[in-house]
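Novice: Just dropping this structure here.
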Amino acid sequence: MSITHDLSIIHLVMQASLLVKLVMGLLALLSLMSWYWIFRKWFQISSAQSKANRFERDFWSGGDLDLMYQAAAGGRFRSGGMERIFEAGYREFTKLRGKSHDHAATIDGSRRAMRATYQREVDDLDSHLAFLASVGSVSPYIGLLGTVWGIMNAFRGLSNVGAATLAQVAPGIAEALIATAIGLFAAIPAVVAYNRFAHDIDRLGIRFESFMEEFSNILQRNLR
């Protein structure tokens, strides 16, 4: 069997020790799970952004608030985060407007309803981002554990050889370094995705908060 064949990745993985194989399997599982959530969060955030753009365009076009509220309440499961914030605020506003003559209490109640919905929307967008952060921070160390263990086994095997050559050292070292490579392969996409998603969610959160303030001002003018 040739040296080139011995140093192929598949052969090295198959010849790795049990602990190194377990490390590689764990890293492969973490990588698959992180990619699953990367695509899930990408679609979720992209959908939230497009729905926010659509709702802002409709809202600031000067439509009737009652009609917009009915449309938002009727399409609850298809509406976006900003639309649900509007729905919660306007629903509370209409309830309190007929029961209380205290304009400040009416606006405060509407703001509290919008704030509660805002928190739920942001929490939903933030869900599973911590997993991506954990994969990005822990995977290199897990891979390093496999690398250290593999190198230890390689040198222990050389202790029984009288004259060590590069051909004898290379397979063990290469086998060990594969674990580090898999760890980096799992960590890098997770870190990049986490940073990108966190930035996008922060921007969406700012848009939601700005809308709540602007909508509160509109409700206050309607009361006056």
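Each chain in the structure tokens gets a letter, A, B, ..., in the order shown, and its residues are numbered from 1; ligands are numbered from 1 in order too.
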Out of segment 42-186 of chain A, which residues get alpha helix (DSSP H) from DSSP, as JSON, numbers by chain?

Specialist: {"A": [42, 43, 44, 45, 46, 47, 48, 49, 50, 51, 52, 53, 54, 55, 56, 57, 58, 59, 65, 66, 67, 68, 69, 70, 71, 72, 73, 74, 81, 82, 83, 84, 85, 86, 87, 88, 89, 90, 91, 92, 93, 94, 95, 96, 97, 103, 104, 105, 106, 107, 108, 109, 110, 111, 112, 113, 114, 115, 116, 117, 118, 119, 120, 121, 122, 123, 124, 125, 126, 129, 130, 131, 132, 133, 134, 135, 136, 137, 138, 139, 140, 141, 142, 143, 144, 145, 146, 147, 148, 149, 150, 151, 152, 153, 154, 155, 156, 157, 158, 166, 167, 168, 169, 170, 171, 172, 173, 174, 175, 176, 177, 178, 179, 180, 181, 182, 183, 184, 185, 186]}

Novice: Find the residues near Gly183 of chain A: any atom within 8 Å, counting only C-alpha atoms, skip ones fewer than 6 places away on the same chain, and give them as a list in words.

Specialist: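 Answer for this query is Leu27, Ser139, Pro140, Tyr141, Ile142, Gly143 and Leu144 of chain A.
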
Novice: Any chance you could export the current selection's C-alpha atoms as a PDB file, in the first residue's frame?

Specialist:
```pdb
ATOM      1  CA  LEU A  27     -17.860  17.629  15.676  1.00  0.00           C
ATOM      2  CA  SER A 139     -15.644  23.250  18.528  1.00  0.00           C
ATOM      3  CA  PRO A 140     -11.959  24.265  18.125  1.00  0.00           C
ATOM      4  CA  TYR A 141     -11.215  23.058  21.645  1.00  0.00           C
ATOM      5  CA  ILE A 142     -12.992  19.758  21.060  1.00  0.00           C
ATOM      6  CA  GLY A 143     -10.966  19.313  17.883  1.00  0.00           C
ATOM      7  CA  LEU A 144      -7.803  20.215  19.765  1.00  0.00           C
TER       8      LEU A 144
END
```

Novice: I'd like the neighbourhood of segment 82-87 of chain A as a VMD selection string, where a residue qualifies if any of its atoms comes within 9 Å (using only C-alpha atoms), though same-chain residues fewer than 2 positions away should be ignored.

Specialist: chain A and resid 48 51 to 52 55 to 56 68 to 70 72 to 73 76 79 to 80 89 to 92 113 to 118 121 207 to 208 211 to 212 215

Novice: Return the single residue from A:Ala190, A:Ala181, A:Val20, A:Ile45 that is closest to Val122 of chain A, with distances computed using only C-alpha atoms.

Specialist: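 Closest residue, counting only C-alpha atoms: A:Ile45.
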
Novice: Please list as JSON, numbers by chain every residue within 10 Å of Ile201 of chain A, counting only C-alpha atoms and excluding residues in the same chain fewer than 3 positions away.

Specialist: {"A": [45, 48, 49, 122, 123, 125, 126, 196, 197, 198, 204, 205, 206, 207]}

Novice: Choose the residue, out of A:Ala186, A:Leu67, A:Gly98, A:Asp58, that has the smallest atom-to-atom separation from Leu29 of chain A; count only C-alpha atoms.

Specialist: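 Using only C-alpha atoms, Leu29 of chain A sits closest to A:Ala186.
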
Novice: In Å, how far is it from atom CA of Ala88 of chain A to atom CA of Ser110 of chain A?

Specialist: 7.6 Å

Novice: Could you tell me which of A:Leu18, A:Leu223, A:Trp42, A:Met33 comes closest to Asp200 of chain A if we count only C-alpha atoms?

Specialist: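 Checking each candidate against Asp200 of chain A, we get A:Trp42 as the closest.
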